[in-house]
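Text of the file target-v1.cif, holding mmCIF, N, CA and C atoms:
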```cif
data_entry
loop_
_atom_site.group_PDB
_atom_site.id
_atom_site.type_symbol
_atom_site.label_atom_id
_atom_site.label_comp_id
_atom_site.auth_asym_id
_atom_site.auth_seq_id
_atom_site.Cartn_x
_atom_site.Cartn_y
_atom_site.Cartn_z
ATOM 1 N N MET A 1 77.224 94.200 107.554
ATOM 2 C CA MET A 1 78.296 95.013 108.090
ATOM 3 C C MET A 1 78.415 96.277 107.233
ATOM 4 N N SER A 2 78.486 97.417 107.856
ATOM 5 C CA SER A 2 78.599 98.662 107.104
ATOM 6 C C SER A 2 80.055 99.134 107.080
ATOM 7 N N GLU A 3 80.414 99.792 105.987
ATOM 8 C CA GLU A 3 81.755 100.343 105.842
ATOM 9 C C GLU A 3 81.686 101.847 106.026
ATOM 10 N N SER A 4 82.746 102.416 106.568
ATOM 11 C CA SER A 4 82.787 103.862 106.724
ATOM 12 C C SER A 4 83.518 104.533 105.567
ATOM 13 N N VAL A 5 84.256 103.749 104.774
ATOM 14 C CA VAL A 5 84.930 104.264 103.579
ATOM 15 C C VAL A 5 84.832 103.234 102.462
ATOM 16 N N LEU A 6 84.884 103.726 101.248
ATOM 17 C CA LEU A 6 84.944 102.856 100.079
ATOM 18 C C LEU A 6 86.410 102.649 99.729
ATOM 19 N N LYS A 7 86.760 101.495 99.146
ATOM 20 C CA LYS A 7 88.145 101.202 98.784
ATOM 21 C C LYS A 7 88.190 100.639 97.375
ATOM 22 N N PHE A 8 89.134 101.157 96.570
ATOM 23 C CA PHE A 8 89.287 100.699 95.196
ATOM 24 C C PHE A 8 90.641 101.161 94.666
ATOM 25 N N ARG A 9 91.423 100.220 94.132
ATOM 26 C CA ARG A 9 92.728 100.516 93.508
ATOM 27 C C ARG A 9 93.633 101.351 94.417
ATOM 28 N N ASN A 10 93.700 101.012 95.680
ATOM 29 C CA ASN A 10 94.511 101.691 96.697
ATOM 30 C C ASN A 10 94.016 103.088 97.049
ATOM 31 N N TYR A 11 92.832 103.469 96.596
ATOM 32 C CA TYR A 11 92.234 104.751 96.962
ATOM 33 C C TYR A 11 91.090 104.487 97.935
ATOM 34 N N GLN A 12 90.828 105.468 98.788
ATOM 35 C CA GLN A 12 89.714 105.405 99.727
ATOM 36 C C GLN A 12 88.787 106.583 99.471
ATOM 37 N N GLY A 13 87.493 106.343 99.652
ATOM 38 C CA GLY A 13 86.523 107.407 99.434
ATOM 39 C C GLY A 13 85.547 107.522 100.586
ATOM 40 N N SER A 14 85.120 108.749 100.852
ATOM 41 C CA SER A 14 84.170 108.997 101.930
ATOM 42 C C SER A 14 82.753 108.638 101.494
ATOM 43 N N ILE A 15 81.885 108.445 102.487
ATOM 44 C CA ILE A 15 80.464 108.173 102.261
ATOM 45 C C ILE A 15 79.686 109.179 103.088
ATOM 46 N N GLU A 16 78.921 110.043 102.421
ATOM 47 C CA GLU A 16 78.146 111.069 103.115
ATOM 48 C C GLU A 16 76.713 111.041 102.601
ATOM 49 N N TYR A 17 75.777 111.425 103.461
ATOM 50 C CA TYR A 17 74.360 111.462 103.097
ATOM 51 C C TYR A 17 73.840 112.883 103.224
ATOM 52 N N ASP A 18 73.158 113.347 102.194
ATOM 53 C CA ASP A 18 72.529 114.668 102.211
ATOM 54 C C ASP A 18 71.030 114.458 102.363
ATOM 55 N N GLY A 19 70.518 114.734 103.564
ATOM 56 C CA GLY A 19 69.105 114.526 103.857
ATOM 57 C C GLY A 19 68.186 115.430 103.061
ATOM 58 N N GLU A 20 68.660 116.605 102.718
ATOM 59 C CA GLU A 20 67.821 117.550 101.973
ATOM 60 C C GLU A 20 67.549 117.040 100.551
ATOM 61 N N SER A 21 68.595 116.605 99.862
ATOM 62 C CA SER A 21 68.418 116.106 98.496
ATOM 63 C C SER A 21 68.235 114.594 98.453
ATOM 64 N N GLU A 22 68.385 113.952 99.603
ATOM 65 C CA GLU A 22 68.273 112.493 99.733
ATOM 66 C C GLU A 22 69.207 111.760 98.772
ATOM 67 N N THR A 23 70.453 112.238 98.713
ATOM 68 C CA THR A 23 71.465 111.597 97.879
ATOM 69 C C THR A 23 72.694 111.262 98.709
ATOM 70 N N LEU A 24 73.469 110.346 98.203
ATOM 71 C CA LEU A 24 74.753 109.981 98.790
ATOM 72 C C LEU A 24 75.844 110.638 97.959
ATOM 73 N N HIS A 25 76.910 111.038 98.607
ATOM 74 C CA HIS A 25 78.031 111.629 97.879
ATOM 75 C C HIS A 25 79.307 111.387 98.665
ATOM 76 N N GLY A 26 80.426 111.669 98.042
ATOM 77 C CA GLY A 26 81.705 111.501 98.718
ATOM 78 C C GLY A 26 82.832 112.069 97.891
ATOM 79 N N LYS A 27 84.040 111.938 98.441
ATOM 80 C CA LYS A 27 85.239 112.368 97.730
ATOM 81 C C LYS A 27 86.363 111.402 98.053
ATOM 82 N N VAL A 28 87.336 111.341 97.155
ATOM 83 C CA VAL A 28 88.498 110.481 97.362
ATOM 84 C C VAL A 28 89.349 111.113 98.449
ATOM 85 N N LEU A 29 89.747 110.298 99.417
ATOM 86 C CA LEU A 29 90.483 110.765 100.589
ATOM 87 C C LEU A 29 91.996 110.619 100.405
ATOM 88 N N HIS A 30 92.742 111.441 101.125
ATOM 89 C CA HIS A 30 94.201 111.333 101.249
ATOM 90 C C HIS A 30 94.953 111.626 99.958
ATOM 91 N N VAL A 31 94.371 112.470 99.088
ATOM 92 C CA VAL A 31 95.056 112.955 97.895
ATOM 93 C C VAL A 31 94.836 114.465 97.809
ATOM 94 N N ARG A 32 95.708 115.152 97.101
ATOM 95 C CA ARG A 32 95.577 116.611 96.958
ATOM 96 C C ARG A 32 94.510 116.992 95.939
ATOM 97 N N ASP A 33 94.362 116.195 94.877
ATOM 98 C CA ASP A 33 93.370 116.491 93.843
ATOM 99 C C ASP A 33 91.956 116.262 94.380
ATOM 100 N N LEU A 34 90.994 117.029 93.871
ATOM 101 C CA LEU A 34 89.602 116.883 94.287
ATOM 102 C C LEU A 34 88.903 115.937 93.324
ATOM 103 N N ILE A 35 88.462 114.795 93.853
ATOM 104 C CA ILE A 35 87.772 113.779 93.063
ATOM 105 C C ILE A 35 86.489 113.455 93.817
ATOM 106 N N THR A 36 85.337 113.774 93.227
ATOM 107 C CA THR A 36 84.054 113.588 93.904
ATOM 108 C C THR A 36 83.157 112.637 93.114
ATOM 109 N N TYR A 37 82.081 112.197 93.766
ATOM 110 C CA TYR A 37 81.109 111.283 93.158
ATOM 111 C C TYR A 37 79.812 111.374 93.945
ATOM 112 N N GLU A 38 78.703 110.986 93.311
ATOM 113 C CA GLU A 38 77.416 110.972 94.002
ATOM 114 C C GLU A 38 76.476 109.982 93.344
ATOM 115 N N ALA A 39 75.462 109.573 94.097
ATOM 116 C CA ALA A 39 74.469 108.614 93.612
ATOM 117 C C ALA A 39 73.265 108.621 94.554
ATOM 118 N N GLU A 40 72.226 107.918 94.160
ATOM 119 C CA GLU A 40 71.016 107.841 94.984
ATOM 120 C C GLU A 40 70.960 106.586 95.848
ATOM 121 N N THR A 41 71.788 105.573 95.531
ATOM 122 C CA THR A 41 71.800 104.326 96.304
ATOM 123 C C THR A 41 73.231 103.985 96.708
ATOM 124 N N ALA A 42 73.356 103.098 97.689
ATOM 125 C CA ALA A 42 74.685 102.668 98.133
ATOM 126 C C ALA A 42 75.419 101.948 97.009
ATOM 127 N N LYS A 43 74.720 101.088 96.295
ATOM 128 C CA LYS A 43 75.331 100.373 95.170
ATOM 129 C C LYS A 43 75.767 101.363 94.090
ATOM 130 N N GLY A 44 74.933 102.360 93.838
ATOM 131 C CA GLY A 44 75.270 103.391 92.857
ATOM 132 C C GLY A 44 76.459 104.221 93.285
ATOM 133 N N LEU A 45 76.568 104.491 94.603
ATOM 134 C CA LEU A 45 77.691 105.274 95.115
ATOM 135 C C LEU A 45 79.007 104.518 94.920
ATOM 136 N N LYS A 46 78.969 103.224 95.173
ATOM 137 C CA LYS A 46 80.178 102.409 94.993
ATOM 138 C C LYS A 46 80.611 102.437 93.526
ATOM 139 N N LYS A 47 79.654 102.295 92.608
ATOM 140 C CA LYS A 47 79.975 102.351 91.185
ATOM 141 C C LYS A 47 80.492 103.733 90.798
ATOM 142 N N ALA A 48 79.862 104.787 91.313
ATOM 143 C CA ALA A 48 80.300 106.156 90.998
ATOM 144 C C ALA A 48 81.720 106.394 91.510
ATOM 145 N N PHE A 49 82.045 105.852 92.682
ATOM 146 C CA PHE A 49 83.399 105.963 93.235
ATOM 147 C C PHE A 49 84.397 105.272 92.309
ATOM 148 N N HIS A 50 84.099 104.037 91.910
ATOM 149 C CA HIS A 50 84.984 103.297 91.002
ATOM 150 C C HIS A 50 85.151 104.056 89.688
ATOM 151 N N ASP A 51 84.040 104.551 89.142
ATOM 152 C CA ASP A 51 84.101 105.297 87.882
ATOM 153 C C ASP A 51 84.947 106.563 88.024
ATOM 154 N N SER A 52 84.814 107.263 89.142
ATOM 155 C CA SER A 52 85.578 108.498 89.361
ATOM 156 C C SER A 52 87.069 108.220 89.467
ATOM 157 N N VAL A 53 87.440 107.166 90.186
ATOM 158 C CA VAL A 53 88.858 106.805 90.308
ATOM 159 C C VAL A 53 89.414 106.421 88.936
ATOM 160 N N ASN A 54 88.670 105.580 88.204
ATOM 161 C CA ASN A 54 89.121 105.172 86.869
ATOM 162 C C ASN A 54 89.244 106.372 85.932
ATOM 163 N N ASP A 55 88.257 107.263 85.963
ATOM 164 C CA ASP A 55 88.292 108.458 85.122
ATOM 165 C C ASP A 55 89.489 109.342 85.476
ATOM 166 N N TYR A 56 89.746 109.509 86.769
ATOM 167 C CA TYR A 56 90.890 110.303 87.221
ATOM 168 C C TYR A 56 92.200 109.718 86.685
ATOM 169 N N LEU A 57 92.371 108.413 86.825
ATOM 170 C CA LEU A 57 93.604 107.771 86.371
ATOM 171 C C LEU A 57 93.743 107.842 84.850
ATOM 172 N N GLU A 58 92.629 107.667 84.121
ATOM 173 C CA GLU A 58 92.663 107.765 82.661
ATOM 174 C C GLU A 58 92.986 109.187 82.207
ATOM 175 N N THR A 59 92.426 110.177 82.900
ATOM 176 C CA THR A 59 92.697 111.579 82.563
ATOM 177 C C THR A 59 94.166 111.909 82.796
ATOM 178 N N CYS A 60 94.704 111.459 83.925
ATOM 179 C CA CYS A 60 96.128 111.697 84.211
ATOM 180 C C CYS A 60 97.009 111.066 83.134
ATOM 181 N N GLU A 61 96.655 109.852 82.727
ATOM 182 C CA GLU A 61 97.437 109.170 81.693
ATOM 183 C C GLU A 61 97.345 109.924 80.365
ATOM 184 N N ALA A 62 96.143 110.360 80.005
ATOM 185 C CA ALA A 62 95.956 111.076 78.740
ATOM 186 C C ALA A 62 96.707 112.404 78.725
ATOM 187 N N GLU A 63 96.785 113.063 79.872
ATOM 188 C CA GLU A 63 97.477 114.348 79.974
ATOM 189 C C GLU A 63 98.951 114.186 80.341
ATOM 190 N N GLU A 64 99.384 112.936 80.464
ATOM 191 C CA GLU A 64 100.767 112.595 80.788
ATOM 192 C C GLU A 64 101.251 113.267 82.071
ATOM 193 N N ILE A 65 100.395 113.198 83.109
ATOM 194 C CA ILE A 65 100.779 113.687 84.435
ATOM 195 C C ILE A 65 100.681 112.545 85.433
ATOM 196 N N GLU A 66 101.474 112.630 86.471
ATOM 197 C CA GLU A 66 101.493 111.600 87.509
ATOM 198 C C GLU A 66 100.286 111.787 88.427
ATOM 199 N N PRO A 67 99.439 110.765 88.579
ATOM 200 C CA PRO A 67 98.298 110.908 89.488
ATOM 201 C C PRO A 67 98.760 110.951 90.947
ATOM 202 N N ASP A 68 97.980 111.655 91.774
ATOM 203 C CA ASP A 68 98.271 111.650 93.209
ATOM 204 C C ASP A 68 98.147 110.231 93.732
ATOM 205 N N LYS A 69 99.086 109.843 94.562
ATOM 206 C CA LYS A 69 99.013 108.555 95.252
ATOM 207 C C LYS A 69 98.465 108.830 96.651
ATOM 208 N N PRO A 70 97.624 107.950 97.164
ATOM 209 C CA PRO A 70 97.105 108.165 98.527
ATOM 210 C C PRO A 70 98.238 108.198 99.542
ATOM 211 N N TYR A 71 98.125 109.101 100.505
ATOM 212 C CA TYR A 71 99.108 109.168 101.591
ATOM 213 C C TYR A 71 99.027 107.890 102.404
ATOM 214 N N SER A 72 100.165 107.372 102.809
ATOM 215 C CA SER A 72 100.188 106.105 103.549
ATOM 216 C C SER A 72 99.947 106.293 105.042
ATOM 217 N N GLY A 73 100.231 107.480 105.555
ATOM 218 C CA GLY A 73 100.059 107.714 106.987
ATOM 219 C C GLY A 73 101.307 107.419 107.794
ATOM 220 N N SER A 74 102.382 106.991 107.122
ATOM 221 C CA SER A 74 103.623 106.741 107.854
ATOM 222 C C SER A 74 104.670 107.776 107.448
ATOM 223 N N PHE A 75 105.564 108.031 108.373
ATOM 224 C CA PHE A 75 106.624 109.014 108.166
ATOM 225 C C PHE A 75 107.909 108.383 108.667
ATOM 226 N N ASN A 76 108.809 108.041 107.755
ATOM 227 C CA ASN A 76 110.038 107.346 108.120
ATOM 228 C C ASN A 76 111.187 108.335 108.280
ATOM 229 N N VAL A 77 111.910 108.196 109.399
ATOM 230 C CA VAL A 77 113.048 109.053 109.674
ATOM 231 C C VAL A 77 114.241 108.169 110.011
ATOM 232 N N GLN A 78 115.392 108.487 109.431
ATOM 233 C CA GLN A 78 116.622 107.762 109.740
ATOM 234 C C GLN A 78 117.520 108.696 110.552
ATOM 235 N N PRO A 79 117.609 108.480 111.867
ATOM 236 C CA PRO A 79 118.322 109.417 112.746
ATOM 237 C C PRO A 79 119.850 109.327 112.670
ATOM 238 N N GLY A 80 120.386 108.343 111.995
ATOM 239 C CA GLY A 80 121.831 108.172 111.973
ATOM 240 C C GLY A 80 122.248 107.193 113.058
ATOM 241 N N VAL A 81 123.415 106.615 112.885
ATOM 242 C CA VAL A 81 123.905 105.565 113.799
ATOM 243 C C VAL A 81 124.111 106.102 115.217
ATOM 244 N N ALA A 82 124.748 107.250 115.393
ATOM 245 C CA ALA A 82 125.056 107.778 116.731
ATOM 246 C C ALA A 82 123.787 108.046 117.515
ATOM 247 N N LEU A 83 122.827 108.683 116.918
ATOM 248 C CA LEU A 83 121.587 108.988 117.634
ATOM 249 C C LEU A 83 120.764 107.733 117.889
ATOM 250 N N HIS A 84 120.775 106.821 116.963
ATOM 251 C CA HIS A 84 120.024 105.576 117.115
ATOM 252 C C HIS A 84 120.589 104.722 118.237
ATOM 253 N N GLU A 85 121.875 104.782 118.425
ATOM 254 C CA GLU A 85 122.557 104.007 119.459
ATOM 255 C C GLU A 85 122.076 104.430 120.822
#
```
Give the structure from the file, written as structure tokens.
Amino acid sequence: MSESVLKFRNYQGSIEYDGESETLHGKVLHVRDLITYEAETAKGLKKAFHDSVNDYLETCEAEEIEPDKPYSGSFNVQPGVALHE
């Protein structure tokens, strides 16, 4: 079974193939920061993705900044009692 995205620590990453260089690459999805990774094999890409996420989180901790959390895709609105009725 093939996956269309990689998943690790609540982050998702894309999987792309570059035919010219014959490499796999991707980026972490649903965050504002740019986090990329690449490898020559699928197994290597998964490891590179995990390493990139871990490195990103460690860097944020070292610099004492809050890391981007992946967007959940939901938008909650409370219309109030009168409108909800």
Sphere at (81.0, 103.4, 106.3), radius 12 Å, counting only C-alpha atoms: residues as number ranges by chain: A: 1-7, 12-17, 24, 26, 42, 45-46
Residues near Glu22 of chain A, cut-off 6 Å, all atoms listed in the file, skip fewer than 3 positions along chain, as number ranges by chain: A: 18-19, 40
Produce a file of the selected residues containing N, CA and C atoms, as a short mmCIF file (atom, residue, chain, number, x, y, z; two decimals), in the coordinates of the input.
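Printed below is selection-v3.cif as written:
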```
data_model
loop_
_atom_site.label_atom_id
_atom_site.label_comp_id
_atom_site.auth_asym_id
_atom_site.auth_seq_id
_atom_site.Cartn_x
_atom_site.Cartn_y
_atom_site.Cartn_z
N ASP A 18 73.16 113.35 102.19
CA ASP A 18 72.53 114.67 102.21
C ASP A 18 71.03 114.46 102.36
N GLY A 19 70.52 114.73 103.56
CA GLY A 19 69.10 114.53 103.86
C GLY A 19 68.19 115.43 103.06
N GLU A 40 72.23 107.92 94.16
CA GLU A 40 71.02 107.84 94.98
C GLU A 40 70.96 106.59 95.85
#
```
Selected residue of minimal separation from Phe8 of chain A among A:Ile65, A:Cys60, A:Ala39, A:Val53, counting only C-alpha atoms: A:Val53
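Going from atom CA of Asp68 of chain A to atom CA of Val28 of chain A covers 10.7 Å.
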How big is the axis-aligned box around all listed atoms of segment 36-40 of chain A once 8 Å goes on each side, and where's its centre, in Å to one decimal, as lines of an AutoDock Vina configuration file?
```
center_x = 78.1
center_y = 110.2
center_z = 94.5
size_x = 30.4
size_y = 23.2
size_z = 18.7
```
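Closest approach to Val31 of chain A among A:Thr59, A:Gln78, A:Asn54, A:Asn10 is made by A:Asn10 (distances from only C-alpha atoms).
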Residues within 10 Å of His30 of chain A, please, as a PDB file with N, CA and C atoms, in the frame of the given file. Count only C-alpha atoms; anything in the same chain fewer than 3 positions from it doesn't count.
```
ATOM      1  N   TYR A  11      92.832 103.469  96.596  1.00  0.00           N
ATOM      2  CA  TYR A  11      92.234 104.751  96.962  1.00  0.00           C
ATOM      3  C   TYR A  11      91.090 104.487  97.935  1.00  0.00           C
ATOM      4  N   GLN A  12      90.828 105.468  98.788  1.00  0.00           N
ATOM      5  CA  GLN A  12      89.714 105.405  99.727  1.00  0.00           C
ATOM      6  C   GLN A  12      88.787 106.583  99.471  1.00  0.00           C
ATOM      7  N   GLY A  13      87.493 106.343  99.652  1.00  0.00           N
ATOM      8  CA  GLY A  13      86.523 107.407  99.434  1.00  0.00           C
ATOM      9  C   GLY A  13      85.547 107.522 100.586  1.00  0.00           C
ATOM     10  N   LYS A  27      84.040 111.938  98.441  1.00  0.00           N
ATOM     11  CA  LYS A  27      85.239 112.368  97.730  1.00  0.00           C
ATOM     12  C   LYS A  27      86.363 111.402  98.053  1.00  0.00           C
ATOM     13  N   ASP A  33      94.362 116.195  94.877  1.00  0.00           N
ATOM     14  CA  ASP A  33      93.370 116.491  93.843  1.00  0.00           C
ATOM     15  C   ASP A  33      91.956 116.262  94.380  1.00  0.00           C
ATOM     16  N   ASP A  68      97.980 111.655  91.774  1.00  0.00           N
ATOM     17  CA  ASP A  68      98.271 111.650  93.209  1.00  0.00           C
ATOM     18  C   ASP A  68      98.147 110.231  93.732  1.00  0.00           C
ATOM     19  N   LYS A  69      99.086 109.843  94.562  1.00  0.00           N
ATOM     20  CA  LYS A  69      99.013 108.555  95.252  1.00  0.00           C
ATOM     21  C   LYS A  69      98.465 108.830  96.651  1.00  0.00           C
ATOM     22  N   PRO A  70      97.624 107.950  97.164  1.00  0.00           N
ATOM     23  CA  PRO A  70      97.105 108.165  98.527  1.00  0.00           C
ATOM     24  C   PRO A  70      98.238 108.198  99.542  1.00  0.00           C
ATOM     25  N   TYR A  71      98.125 109.101 100.505  1.00  0.00           N
ATOM     26  CA  TYR A  71      99.108 109.168 101.591  1.00  0.00           C
ATOM     27  C   TYR A  71      99.027 107.890 102.404  1.00  0.00           C
ATOM     28  N   SER A  72     100.165 107.372 102.809  1.00  0.00           N
ATOM     29  CA  SER A  72     100.188 106.105 103.549  1.00  0.00           C
ATOM     30  C   SER A  72      99.947 106.293 105.042  1.00  0.00           C
ATOM     31  N   GLY A  73     100.231 107.480 105.555  1.00  0.00           N
ATOM     32  CA  GLY A  73     100.059 107.714 106.987  1.00  0.00           C
ATOM     33  C   GLY A  73     101.307 107.419 107.794  1.00  0.00           C
TER      34      GLY A  73
END
```
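Rounded to one decimal, atom CA of Asp55 of chain A and atom CA of Ser21 of chain A lie 25.1 Å from each other.
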DSSP-assigned strand (DSSP E or B) members of chain A, reported as number ranges by chain: A: 5-8, 11-14, 16-18, 23-29, 36-39
Distance in Å - atom CA of Asn76 of chain A versus atom CA of Tyr56 of chain A: 28.5 Å
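All residues of chain A that DSSP, run on the backbone, classes as helix (DSSP H, G or I) are A:Ala42, A:Lys43, A:Gly44, A:Leu45, A:Lys46, A:Lys47, A:Ala48, A:Phe49, A:His50, A:Asp51, A:Ser52, A:Val53, A:Asn54, A:Asp55, A:Tyr56, A:Leu57, A:Glu58, A:Thr59, A:Cys60, A:Glu61, A:Ala62, A:Val81, A:Ala82, A:Leu83, A:His84.
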